[in-house]
Structures are given as structure tokens and as C-alpha cells.
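Visitor: File name structure38.pdb; file contents PDB, C-alpha atoms; full text below.
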ATOM      1  CA  MET A   1     -11.206  -2.973  32.313
ATOM      2  CA  LYS A   2     -11.466   0.650  33.298
ATOM      3  CA  PHE A   3      -8.894   3.316  32.771
ATOM      4  CA  ILE A   4      -8.611   5.887  35.525
ATOM      5  CA  ARG A   5      -6.637   9.046  35.069
ATOM      6  CA  ASP A   6      -6.842  12.584  36.363
ATOM      7  CA  LEU A   7      -7.165  14.574  33.165
ATOM      8  CA  LYS A   8      -7.043  17.870  35.052
ATOM      9  CA  LYS A   9      -3.375  17.352  35.816
ATOM     10  CA  THR A  10      -2.465  15.938  32.448
ATOM     11  CA  MET A  11      -0.026  17.678  30.118
ATOM     12  CA  ILE A  12      -0.523  17.545  26.379
ATOM     13  CA  GLY A  13       2.904  15.907  26.006
ATOM     14  CA  GLU A  14       1.501  12.718  27.521
ATOM     15  CA  PHE A  15      -0.865  12.276  24.591
ATOM     16  CA  VAL A  16       1.469  13.137  21.790
ATOM     17  CA  THR A  17       1.954  10.864  18.836
ATOM     18  CA  THR A  18       5.622  11.388  18.067
ATOM     19  CA  PHE A  19       6.636  12.071  14.495
ATOM     20  CA  ILE A  20       9.144   9.789  12.852
ATOM     21  CA  SER A  21       9.352  11.974   9.775
ATOM     22  CA  THR A  22       8.985  15.571   8.776
ATOM     23  CA  VAL A  23       9.185  17.003   5.276
ATOM     24  CA  ASP A  24      10.196  20.328   3.772
ATOM     25  CA  GLU A  25       8.229  22.548   1.426
ATOM     26  CA  SER A  26       9.710  20.987  -1.711
ATOM     27  CA  THR A  27       8.603  17.405  -0.956
ATOM     28  CA  SER A  28       6.328  16.032  -3.674
ATOM     29  CA  LEU A  29       2.783  14.796  -3.153
ATOM     30  CA  ASN A  30       3.868  11.282  -4.154
ATOM     31  CA  GLU A  31       6.616  11.169  -1.540
ATOM     32  CA  ILE A  32       4.210  12.361   1.156
ATOM     33  CA  GLN A  33       1.664   9.729   0.183
ATOM     34  CA  GLU A  34       4.333   6.997   0.330
ATOM     35  CA  MET A  35       5.499   8.144   3.761
ATOM     36  CA  MET A  36       1.945   8.141   5.069
ATOM     37  CA  ASP A  37       1.377   4.614   3.727
ATOM     38  CA  ILE A  38       4.668   3.193   5.034
ATOM     39  CA  GLU A  39       4.524   4.815   8.458
ATOM     40  CA  LYS A  40       0.722   4.459   8.738
ATOM     41  CA  ILE A  41       0.286   8.061   9.768
ATOM     42  CA  ARG A  42      -2.391  10.597   8.915
ATOM     43  CA  HIS A  43      -0.520  13.872   9.381
ATOM     44  CA  ILE A  44       2.950  15.080   8.405
ATOM     45  CA  PRO A  45       4.419  18.407   9.525
ATOM     46  CA  ILE A  46       6.308  20.599   7.093
ATOM     47  CA  THR A  47       9.302  22.084   8.863
ATOM     48  CA  SER A  48      12.127  24.527   8.247
ATOM     49  CA  LYS A  49      15.775  23.399   8.321
ATOM     50  CA  GLU A  50      15.824  24.313  12.006
ATOM     51  CA  GLY A  51      12.844  22.040  12.709
ATOM     52  CA  LYS A  52      10.279  24.812  13.166
ATOM     53  CA  ALA A  53       6.715  24.111  12.034
ATOM     54  CA  LEU A  54       5.730  25.824   8.781
ATOM     55  CA  GLY A  55       2.578  23.839   8.075
ATOM     56  CA  ILE A  56       0.794  20.543   8.243
ATOM     57  CA  ILE A  57      -0.695  18.186   5.696
ATOM     58  CA  SER A  58      -3.227  15.448   6.360
ATOM     59  CA  ASP A  59      -4.088  12.238   4.565
ATOM     60  CA  ARG A  60      -7.395  13.843   3.689
ATOM     61  CA  ASP A  61      -5.617  16.721   1.953
ATOM     62  CA  VAL A  62      -3.503  14.236   0.000
ATOM     63  CA  ALA A  63      -6.515  12.100  -0.944
ATOM     64  CA  VAL A  64      -8.490  15.060  -2.208
ATOM     65  CA  ILE A  65      -5.679  16.625  -4.206
ATOM     66  CA  SER A  66      -4.636  13.246  -5.689
ATOM     67  CA  ASN A  67      -7.991  13.072  -7.445
ATOM     68  CA  LEU A  68      -7.344  16.282  -9.286
ATOM     69  CA  GLU A  69      -5.749  16.266 -12.699
ATOM     70  CA  LEU A  70      -3.003  18.718 -11.709
ATOM     71  CA  ALA A  71      -1.849  16.756  -8.649
ATOM     72  CA  LYS A  72       1.690  16.048  -9.854
ATOM     73  CA  LYS A  73       2.780  19.651 -10.026
ATOM     74  CA  TYR A  74       2.127  20.419  -6.360
ATOM     75  CA  THR A  75       4.531  20.084  -3.444
ATOM     76  CA  ALA A  76       4.129  20.124   0.332
ATOM     77  CA  GLY A  77       4.558  23.892   0.382
ATOM     78  CA  ASP A  78       1.558  24.384  -1.919
ATOM     79  CA  LEU A  79      -0.735  21.991  -0.123
ATOM     80  CA  MET A  80       0.064  22.517   3.542
ATOM     81  CA  THR A  81      -2.169  24.349   5.962
ATOM     82  CA  PRO A  82       0.234  27.129   6.940
ATOM     83  CA  ASN A  83       0.842  28.539  10.429
ATOM     84  CA  PRO A  84      -0.450  25.503  12.342
ATOM     85  CA  TYR A  85      -1.484  25.858  15.965
ATOM     86  CA  CYS A  86       1.525  24.838  18.084
ATOM     87  CA  VAL A  87       1.915  24.332  21.822
ATOM     88  CA  LYS A  88       4.761  23.353  24.148
ATOM     89  CA  SER A  89       4.699  19.769  25.414
ATOM     90  CA  ASP A  90       4.123  20.901  29.008
ATOM     91  CA  SER A  91       0.897  22.792  28.148
ATOM     92  CA  PRO A  92      -2.082  21.555  30.183
ATOM     93  CA  LEU A  93      -4.410  19.267  28.207
ATOM     94  CA  ARG A  94      -7.452  21.269  29.318
ATOM     95  CA  GLU A  95      -6.081  24.511  27.845
ATOM     96  CA  VAL A  96      -5.189  22.916  24.534
ATOM     97  CA  VAL A  97      -8.544  21.151  24.222
ATOM     98  CA  ALA A  98     -10.441  24.357  25.026
ATOM     99  CA  GLU A  99      -8.514  26.287  22.390
ATOM    100  CA  MET A 100      -9.058  23.551  19.784
ATOM    101  CA  ALA A 101     -12.806  23.639  20.522
ATOM    102  CA  ARG A 102     -12.969  27.438  20.320
ATOM    103  CA  LYS A 103     -11.050  27.690  17.061
ATOM    104  CA  LYS A 104     -12.344  24.396  15.595
ATOM    105  CA  TYR A 105      -8.846  23.051  15.041
ATOM    106  CA  GLY A 106      -8.569  19.402  14.053
ATOM    107  CA  SER A 107      -5.017  19.044  15.348
ATOM    108  CA  VAL A 108      -2.275  20.766  17.272
ATOM    109  CA  LEU A 109       1.463  20.402  16.794
ATOM    110  CA  VAL A 110       3.527  19.883  19.905
ATOM    111  CA  LYS A 111       7.006  21.373  20.104
ATOM    112  CA  SER A 112      10.028  21.015  22.338
ATOM    113  CA  GLU A 113      11.637  23.713  24.470
ATOM    114  CA  GLU A 114      13.909  24.362  21.479
ATOM    115  CA  ASP A 115      10.871  25.089  19.271
ATOM    116  CA  LYS A 116      11.278  21.880  17.271
ATOM    117  CA  VAL A 117       8.183  19.942  16.248
ATOM    118  CA  ILE A 118       8.063  16.652  18.112
ATOM    119  CA  GLY A 119       4.540  15.365  17.706
ATOM    120  CA  ILE A 120       0.853  15.901  17.229
ATOM    121  CA  PHE A 121      -2.412  15.778  19.191
ATOM    122  CA  THR A 122      -5.519  15.375  17.017
ATOM    123  CA  SER A 123      -9.271  15.487  17.484
ATOM    124  CA  THR A 124      -9.179  11.677  17.344
ATOM    125  CA  ASP A 125      -6.889  11.676  20.397
ATOM    126  CA  ALA A 126      -9.443  13.954  22.071
ATOM    127  CA  LEU A 127     -12.169  11.422  21.218
ATOM    128  CA  HIS A 128     -10.060   8.707  22.861
ATOM    129  CA  ALA A 129      -9.780  10.865  25.981
ATOM    130  CA  LEU A 130     -13.534  11.509  25.993
ATOM    131  CA  HIS A 131     -14.176   7.829  25.459
ATOM    132  CA  ASP A 132     -12.259   7.200  28.669
ATOM    133  CA  LEU A 133     -14.003   9.996  30.512
ATOM    134  CA  LEU A 134     -17.323   8.365  29.644
ATOM    135  CA  GLY A 135     -16.188   5.264  31.463
ATOM    136  CA  GLU A 136     -16.035   2.942  28.532
ATOM    137  CA  GLU A 137     -13.399   0.299  28.183
ATOM    138  CA  ILE A 138     -10.213   1.749  26.822
ATOM    139  CA  LEU A 139      -9.303   1.170  23.201
ATOM    140  CA  GLU A 140      -6.125  -0.839  23.501
ATOM    141  CA  ASP A 141      -4.909   0.076  20.054
ATOM    142  CA  SER A 142      -5.223   3.811  20.683
ATOM    143  CA  GLU A 143      -2.258   6.147  20.959
ATOM    144  CA  TYR A 144      -3.897   7.339  24.163
ATOM    145  CA  TYR A 145      -3.586   3.883  25.714
ATOM    146  CA  LYS A 146      -0.057   3.351  24.439
ATOM    147  CA  SER A 147       0.975   6.705  25.862
ATOM    148  CA  PHE A 148      -0.469   5.758  29.230
ATOM    149  CA  ILE A 149       1.252   2.400  29.259
ATOM    150  CA  SER A 150       4.593   3.924  28.291
ATOM    151  CA  ASN A 151       4.257   6.631  30.945
ATOM    152  CA  TYR A 152       2.808   4.610  33.783
ATOM    153  CA  GLY A 153       3.500   1.016  32.851
ATOM    154  CA  GLY A 154       0.035  -0.297  33.547
ATOM    155  CA  HIS A 155      -3.575   0.453  34.219
ATOM    156  CA  SER A 156      -6.076   0.132  37.036
TER     157      SER A 156
ATOM    158  CA  MET B   1     -28.607  18.611  34.387
ATOM    159  CA  GLN B   2     -28.240  15.271  32.720
ATOM    160  CA  ILE B   3     -24.984  13.573  33.597
ATOM    161  CA  LEU B   4     -22.554  13.057  30.773
ATOM    162  CA  GLU B   5     -22.624   9.257  30.919
ATOM    163  CA  ASP B   6     -26.387   9.250  30.268
ATOM    164  CA  GLN B   7     -26.356  11.560  27.268
ATOM    165  CA  MET B   8     -27.752  10.319  23.981
ATOM    166  CA  ALA B   9     -27.691  11.454  20.369
ATOM    167  CA  GLU B  10     -30.910  13.408  20.947
ATOM    168  CA  ASN B  11     -28.904  15.928  23.001
ATOM    169  CA  TYR B  12     -27.359  17.056  19.717
ATOM    170  CA  VAL B  13     -30.561  17.559  17.757
ATOM    171  CA  THR B  14     -30.819  21.065  16.373
ATOM    172  CA  ASN B  15     -33.596  23.024  14.688
ATOM    173  CA  ASN B  16     -31.238  24.879  12.422
ATOM    174  CA  LEU B  17     -28.991  22.203  10.975
ATOM    175  CA  THR B  18     -27.067  23.605   8.026
ATOM    176  CA  ILE B  19     -27.498  21.288   5.049
ATOM    177  CA  VAL B  20     -27.072  21.224   1.281
ATOM    178  CA  THR B  21     -28.714  19.192  -1.459
ATOM    179  CA  PRO B  22     -26.728  16.819  -3.706
ATOM    180  CA  ASP B  23     -27.153  19.159  -6.682
ATOM    181  CA  ALA B  24     -25.751  22.228  -4.884
ATOM    182  CA  SER B  25     -22.692  23.586  -6.649
ATOM    183  CA  VAL B  26     -19.368  23.185  -4.863
ATOM    184  CA  THR B  27     -18.864  26.936  -4.886
ATOM    185  CA  GLU B  28     -22.208  27.373  -3.063
ATOM    186  CA  VAL B  29     -21.113  24.801  -0.476
ATOM    187  CA  TYR B  30     -17.771  26.541  -0.069
ATOM    188  CA  ASP B  31     -19.440  29.927   0.451
ATOM    189  CA  LEU B  32     -21.878  28.437   2.946
ATOM    190  CA  MET B  33     -19.073  26.867   4.993
ATOM    191  CA  GLN B  34     -17.118  30.098   4.984
ATOM    192  CA  ARG B  35     -20.125  32.149   6.016
ATOM    193  CA  THR B  36     -21.323  29.845   8.777
ATOM    194  CA  GLN B  37     -17.843  28.728   9.917
ATOM    195  CA  ILE B  38     -18.919  25.096  10.061
ATOM    196  CA  ARG B  39     -16.629  22.250   9.154
ATOM    197  CA  HIS B  40     -19.127  19.515   8.249
ATOM    198  CA  VAL B  41     -22.204  19.879   6.054
ATOM    199  CA  PRO B  42     -24.676  17.005   5.586
ATOM    200  CA  VAL B  43     -25.838  16.450   2.018
ATOM    201  CA  VAL B  44     -29.552  15.782   2.294
ATOM    202  CA  GLU B  45     -32.090  14.365  -0.139
ATOM    203  CA  ALA B  46     -35.767  14.028   0.852
ATOM    204  CA  GLY B  47     -34.823  14.580   4.492
ATOM    205  CA  LYS B  48     -32.239  11.802   4.614
ATOM    206  CA  ALA B  49     -28.483  12.410   4.700
ATOM    207  CA  VAL B  50     -26.880  10.763   1.679
ATOM    208  CA  GLY B  51     -23.418  12.182   2.290
ATOM    209  CA  ILE B  52     -21.263  14.619   4.184
ATOM    210  CA  ILE B  53     -18.764  17.245   3.068
ATOM    211  CA  SER B  54     -15.972  18.416   5.333
ATOM    212  CA  ASP B  55     -13.794  21.490   5.055
ATOM    213  CA  ARG B  56     -10.993  19.146   3.995
ATOM    214  CA  ASP B  57     -12.983  17.886   1.031
ATOM    215  CA  ILE B  58     -13.553  21.384  -0.208
ATOM    216  CA  ARG B  59     -10.240  23.030   0.541
ATOM    217  CA  PHE B  60      -8.669  22.201  -2.780
ATOM    218  CA  VAL B  61     -11.608  22.512  -5.127
ATOM    219  CA  SER B  62     -10.184  25.691  -6.576
ATOM    220  CA  TYR B  63      -7.291  23.560  -7.884
ATOM    221  CA  SER B  64      -9.686  21.700 -10.126
ATOM    222  CA  THR B  65     -10.081  22.896 -13.702
ATOM    223  CA  ASN B  66     -13.793  22.073 -13.742
ATOM    224  CA  VAL B  67     -14.679  23.619 -10.397
ATOM    225  CA  THR B  68     -17.719  25.437 -11.785
ATOM    226  CA  GLN B  69     -19.264  22.132 -12.861
ATOM    227  CA  LEU B  70     -18.657  20.233  -9.623
ATOM    228  CA  LEU B  71     -21.643  19.399  -7.438
ATOM    229  CA  ALA B  72     -21.931  18.492  -3.764
ATOM    230  CA  SER B  73     -22.611  14.889  -4.813
ATOM    231  CA  ASP B  74     -19.247  14.763  -6.648
ATOM    232  CA  ILE B  75     -17.133  15.517  -3.601
ATOM    233  CA  MET B  76     -19.205  14.224  -0.656
ATOM    234  CA  THR B  77     -18.368  11.134   1.367
ATOM    235  CA  SER B  78     -21.319   8.811   0.764
ATOM    236  CA  GLU B  79     -23.123   6.785   3.423
ATOM    237  CA  PRO B  80     -21.932   8.808   6.405
ATOM    238  CA  TYR B  81     -21.986   7.234   9.859
ATOM    239  CA  SER B  82     -25.477   7.788  11.211
ATOM    240  CA  VAL B  83     -27.224   6.950  14.484
ATOM    241  CA  GLN B  84     -30.721   7.074  15.963
ATOM    242  CA  LEU B  85     -31.927   9.548  18.597
ATOM    243  CA  ASN B  86     -31.576   7.036  21.417
ATOM    244  CA  THR B  87     -28.004   5.988  20.619
ATOM    245  CA  PRO B  88     -25.849   6.561  23.739
ATOM    246  CA  LEU B  89     -23.145   9.220  23.412
ATOM    247  CA  LYS B  90     -20.668   6.622  24.695
ATOM    248  CA  GLU B  91     -21.357   4.421  21.685
ATOM    249  CA  ILE B  92     -20.962   7.326  19.262
ATOM    250  CA  VAL B  93     -17.656   8.434  20.778
ATOM    251  CA  THR B  94     -16.313   4.876  20.807
ATOM    252  CA  TYR B  95     -17.160   4.388  17.151
ATOM    253  CA  MET B  96     -15.717   7.751  16.103
ATOM    254  CA  SER B  97     -12.463   7.189  17.969
ATOM    255  CA  LYS B  98     -12.053   3.663  16.583
ATOM    256  CA  LYS B  99     -12.814   4.662  13.006
ATOM    257  CA  LYS B 100     -11.049   8.034  13.257
ATOM    258  CA  ILE B 101     -14.001   9.968  11.925
ATOM    259  CA  ASN B 102     -14.951  13.495  12.895
ATOM    260  CA  SER B 103     -18.733  13.569  12.581
ATOM    261  CA  THR B 104     -21.845  11.512  13.204
ATOM    262  CA  LEU B 105     -25.261  12.307  11.775
ATOM    263  CA  ILE B 106     -28.409  11.824  13.825
ATOM    264  CA  HIS B 107     -31.611  10.575  12.203
ATOM    265  CA  ASN B 108     -35.080  10.404  13.767
ATOM    266  CA  SER B 109     -37.493   7.484  13.511
ATOM    267  CA  ASP B 110     -38.751   8.831  10.157
ATOM    268  CA  ASP B 111     -35.181   8.600   8.833
ATOM    269  CA  LYS B 112     -34.823  12.384   8.619
ATOM    270  CA  VAL B 113     -31.512  13.948   9.595
ATOM    271  CA  VAL B 114     -32.065  16.124  12.662
ATOM    272  CA  GLY B 115     -28.643  16.646  14.191
ATOM    273  CA  ILE B 116     -24.902  16.182  14.086
ATOM    274  CA  PHE B 117     -22.226  15.351  16.651
ATOM    275  CA  THR B 118     -18.701  16.412  15.650
ATOM    276  CA  SER B 119     -15.221  16.184  17.112
ATOM    277  CA  THR B 120     -15.622  19.858  18.047
ATOM    278  CA  ASP B 121     -18.532  18.842  20.309
ATOM    279  CA  ALA B 122     -16.241  16.189  21.806
ATOM    280  CA  LEU B 123     -13.557  18.827  22.437
ATOM    281  CA  ASN B 124     -16.135  21.095  24.090
ATOM    282  CA  ILE B 125     -17.311  18.309  26.404
ATOM    283  CA  LEU B 126     -13.715  17.479  27.317
ATOM    284  CA  ALA B 127     -12.879  21.137  27.931
ATOM    285  CA  ASP B 128     -15.946  21.499  30.202
ATOM    286  CA  HIS B 129     -15.170  18.375  32.195
ATOM    287  CA  ILE B 130     -11.496  18.902  32.851
ATOM    288  CA  LYS B 131     -11.738  22.506  34.017
TER     289      LYS B 131
END
How would this structure read if it were set down as C-alpha cells?
Guide:
Amino acid sequence: MKFIRDLKKTMIGEFVTTFISTVDESTSLNEIQEMMDIEKIRHIPITSKEGKALGIISDRDVAVISNLELAKKYTAGDLMTPNPYCVKSDSPLREVVAEMARKKYGSVLVKSEEDKVIGIFTSTDALHALHDLLGEEILEDSEYYKSFISNYGGHS
Amino acid sequence: MQILEDQMAENYVTNNLTIVTPDASVTEVYDLMQRTQIRHVPVVEAGKAVGIISDRDIRFVSYSTNVTQLLASDIMTSEPYSVQLNTPLKEIVTYMSKKKINSTLIHNSDDKVVGIFTSTDALNILADHIK
């Protein structure tokens, strides 16, 4: 099975993993860890009341800080990577990927026209896209594949 | 120029791979990563990579009360994914995307680490090919 797609015309929004949950700066490390486990996600955005992105926290951040003796006293606001790179969902994939490569970003938050965080595109999603570009069989469990199926309803 | 589909791990061999030893202090590793702006450092003993440290592993070390005593070997991820020079790029990318990992170390036939392929390399390839 091959997966053909013109990446040059692709918008970042087509690759987005949509967030079910966001947290605010006061959310505890324990709560974040539980949400990641339950929802099987690796990144959670920290947002303002209006839904604007303030920061991002990854499972790696949580794992590392959990091993430290002072873990309990920290909240999302302490641990987040502030001022995350954000793009609109209609930004071209090629522009976003080039910027991520230049700045060595591991992820980019995707926002709506109203500036609300709606999802994320990570370096793993980029690896899925490259995997396809290299002509390998598509990974059927990837977000990349699911996004294609939901957008186009099939594959060639 | 070699076409992308035929590339192998050997395309990512470098003469100036930035490495640390297992007994390097965490503060040394942190300084090195800041100075060189790299996100993944192999931890190497007798030429062989025994672990890898990412910027994520090191970001919170200052929160630890015993930071001055921590060594690279305390915070590294052991047994990092490693391939041989002739491993096809396709295989590396497939493995990394399935396992959601961001780096692959490249060893030569003498089992010495000689290169690294990271998700930043993947982003660069993608950016070049979808211009």
C-alpha cells in the first residue's frame, strides 16, 4: 500500500492532532500526568482563559520533573516551555517544517482564526510525513494516516 | 546527487560529533548544549554510545537539590536506538516515527559511534523536498 499526497499544497491544519484538553498555569503536575495517561497524549498546552497559548508541557518534561524530590510543589506554569511557536491552521506545511528545522523546535501549536489553540504538529508527525515521502508503507496507526483518512476518506 | 530513497545512515556520519563521557557533570553537559545549540548529546564510553541526553532531560536539572553531584550517566537514556552505516534512511525514519523517538545513533563496524540522525535532520529533508 502506498500513500500518495502532494505535500507542497498541504496545509498544516491537515496534520494537526486536535487537543481534547488544555490546562491553566495552576494545574498540578499530578493532574497533568493523569490527563496524559488517560488521553494517551504526549503534549498539553497551557492556555489563558481566552484560550490563547501561554506554554506547552511534554510527557518528557513531566517524567523528568517527577523524578525530582521537589516535584509536588510545581504547577504547569512553573514547568511549561513559555511562548511556544504557534501558527494558523492554514499555514503551508512547508513553511512550518522549514521554521521548525531552522529553530530546532520539537513541536508547533496550531491556532484557529480566533487565536485559540486547537492542536499540535510535532517532530514525530514530520517523521510520519517523511516516512511517506520515502515511499514506505504508511503507518496505519499514525495521526498522519488518520488525518488523511478523515480528510479524504481513503488512500491510493 | 544521491536520491533521497537511496540514502543510508552513512550520509549522516560526521567528523565532529559532539559527545560527552558518562562521568561528565550535568552542569558541563548543560553548558555544552547551550554553547553548541544541539539538542541531543551521545554519552560515549570507549567509542561506543552507552546513552543519550536530550535537552528535555536536562531542562529541569537546576530544580534538583543535588545538581552539582549529578553525572551524565545519572540522567541519560540508556541503550539508545543505534544503527549501522548501511542501514537505509527509510528504515531509520520508520522506526523513529513508530517509536516516537527523536534521534538515532550511527555506529561503524568497529562499534564506534560516528554519527547521529535527529528529527531536525528529518525536518530539513522535508523542508528541502516540499519547496
Visitor: Using the chain letters and residue numbers of this document, give as a ChimeraX atom specification the residues selected by the ChimeraX specification (/A :<7) & /B.
Guide: /B:5,56-57,60,64,90,93-94,97,100,119-120,122-124,126-127,130-131
Visitor: Give me the result of the PyMOL selection byres ((chain B and resi 3) around 12) on this file, residue by residue, as a ChimeraX atom specification.
Guide: /A:133-134 /B:1-2,4-8,11,89,125,129
Visitor: Since I can't run it myself right now, could you work out what the PyMOL selection byres ((chain B and resi 104) around 8) selects here and report it as a list in words?
Guide: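 Given this file, the PyMOL selection byres ((chain B and resi 104) around 8) evaluates to Pro80, Tyr81, Ser82, Val83, Ile92, Met96, Asn102, Ser103, Leu105, Ile106, Ile116, Phe117 and Thr118 of chain B.
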Visitor: Could you name the residues that touch range 34-50 of chain B at 8 Å or less, counting all atoms listed in the file, but leaving out those on the same chain fewer than 2 positions away, as a ChimeraX atom specification?
Guide: /B:18-22,30-32,52-55,72-73,76,78-80,103,105,107,111-113
Visitor: Excluding same-chain residues fewer than 5 positions from Glu10 in chain B, what lies within 9 Å of it counting all atoms listed in the file, as a list in words?
Guide: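 Listed by chain and then number, they are Gln84, Leu85, Asn86, Thr87, Pro88, Ile106, Asn108, Val114 and Gly115 of chain B.
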Visitor: With a distance cut-off of 8 Å and only C-alpha atoms, select the neighbouring residues of Phe121 in chain A, excluding the residue or stretch itself and same-chain residues fewer than 6 positions from it, and output the selection as a PyMOL selection string.
Guide: chain A and resi 12+15-17+107-110
Visitor: So the first atom is CA of Ile46 in chain A and the second is CA of Glu25 in chain A; what is the distance between them in Å, to one decimal place?
Guide: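 That distance, rounded to one decimal, is 6.3 Å.
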Visitor: Can you pull out the residues contacting Ser62 in chain B? Cut-off 10 Å, using all atoms listed in the file, and skip same-chain residues under 6 positions away; I want them as a VMD selection string.
Guide: chain B and resid 26 to 27 68
Visitor: Using only C-alpha atoms, can you tell me which of A:Ser66, A:Ser28, A:Ser21, A:Thr47 comes closest to Val61 in chain B?
Guide: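 Counting only C-alpha atoms, the residue closest to Val61 in chain B is A:Ser66.
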Visitor: Take CA of Gln33 in chain A and CA of Val67 in chain B and report the distance between them in Å, one decimal.
Guide: 23.9 Å
Visitor: CA of Tyr85 in chain A to CA of Glu28 in chain B: how many Å, to one decimal?
Guide: 28.2 Å
Visitor: Calculated over all atoms listed in the file, which of the candidates A:Ile32, A:Val23, A:Val87, A:Met80 has the smallest distance to Gly51 in chain A?
Guide: A:Val23
